[in-house]
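Reading through the structure tokens given below for one structure.
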Amino acid sequence: MTHPSTTPPGSEPSTAGTPNPVDTPSTDSALPELETQTLASCQADIVLLQAKCNDLADQYLRAKADTENARRRADDEVSKARKFALESFADSLLPVVDSLEAGLAIKDATLDQLREGSQATLRQLVSALERNKIIAINPAAGDKFDPHQHQAISVVPSEQEANTVVTVLQKGYLIAERVLRPALVTVAAAK
């Protein structure tokens with residue numbers, strides 16, 4: 001048997017097919033250990049991502065439920081508002097009805113009593129309309145004609161400036177600053 005240090009040149013022992021005893025244990029054990037660490041790291045990442053995914057899915061379902069509840073509540077409120085929109089207005093008109101009935105219940109009322117009762121009832125009615133944001137459009141003579149609030153029935157010759165209201169034939173009304181009915185007016189013609 002020859003000692004490796006005394007091996008003649010050209011007769012080197014062949015290393016093909018035989019593992020190097022120094023390198024083999026560290027390479028073989030390092031590779032599985034690296035794979036195990038990578039696999040463990042990936043599995044931990046998967047667990048974290050699944051937890052985050054579950055959390056986001058839960059948040060989404062809660063947000064969707066909240067949105068549906070808010071939509072349902074809004075629909076209910078709109079439905080109730082439509083259903084009871086006239087409740088306040090009707091409530092403010094009931095005293096007017098009571099006054100009219102009380103006035104008609106008097107059998108032998110004088111003309112002055114009827115006039116006084118009618119004026120009081122009209123004041124109640126106007127007050128009820130104003131409380132419900134229904135305001136009269138009653139332009140004075142000489143006011144500028146406003147096509148958004150007035151409807152010209154005729155154009156008449158007048159000493160007033162052109163395109164001004166001469167007379168009001170019928171009051172108009174606004175409801176919450178929107179024209180419910182325009183005032184019917186006559187308008188001064190151009191000279």
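In the structure tokens, the first chain shown is A, the next is B, and so on; residue numbers restart at 1 for each chain, and ligands run from 1 in the order shown.
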Quick one: pick out all alpha helix (DSSP H) residues within stretch 105-157 of chain A from a backbone DSSP run and write them as a PyMOL selection string. chain A and resi 105+111-131
Please, which residues of stretch 93-170 of chain A, numbered as in this document, come out strand (DSSP E or B) from DSSP, as a ChimeraX atom specification? /A:134-137,144,150-156,164-170
Write out as a ChimeraX atom specification each polymer residue whose atoms come within 10 Å of A:Arg131, counting only C-alpha atoms; drop sequence neighbours fewer than 6 positions from it. /A:88-89,92,125
Write the selection just made, keeping N, CA and C atoms, as a CSV table (one decimal), in the first residue's frame?
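Okay, out-v6.csv is ready:
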```
chain,number,residue,atom,x,y,z
A,88,SER,N,-97.7,66.7,9.3
A,88,SER,CA,-97.5,68.0,10.0
A,88,SER,C,-98.4,69.0,9.3
A,89,PHE,N,-98.5,69.0,8.0
A,89,PHE,CA,-99.3,70.0,7.3
A,89,PHE,C,-100.8,69.7,7.7
A,92,SER,N,-101.6,71.0,11.1
A,92,SER,CA,-101.7,72.5,11.2
A,92,SER,C,-103.0,73.0,10.6
A,125,LEU,N,-105.5,80.0,8.6
A,125,LEU,CA,-105.1,79.2,7.4
A,125,LEU,C,-103.7,79.8,6.8
```
For A:His148, find every residue with an atom within 10 Å (counting only C-alpha atoms), except residues of its own chain fewer than 3 positions away, and show them as a count of residues only. 6
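The space between atom CA of A:Ala189 and atom CA of A:Gln160 spans 8.6 Å.
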At a cut-off of 12 Å, using only C-alpha atoms, what residues contact A:Pro157? Leave out same-chain residues fewer than 2 positions from it and give the result as a ChimeraX atom specification. /A:154-155,159-166,186-191
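When only C-alpha atoms are used to measure the gap to A:Leu93, the shortest distance among A:Ala140, A:Leu184, A:Ala65, A:Leu129 belongs to A:Leu129.
For the atom pair formed by atom CA of A:Ala128 and atom CA of A:Leu180, the distance is 16.0 Å, given to one decimal.
With only C-alpha atoms as the atoms that count, the residue of A:Val126, A:Ile135, A:Leu48, A:Ile153 with the shortest distance to A:Thr167 is A:Ile153.
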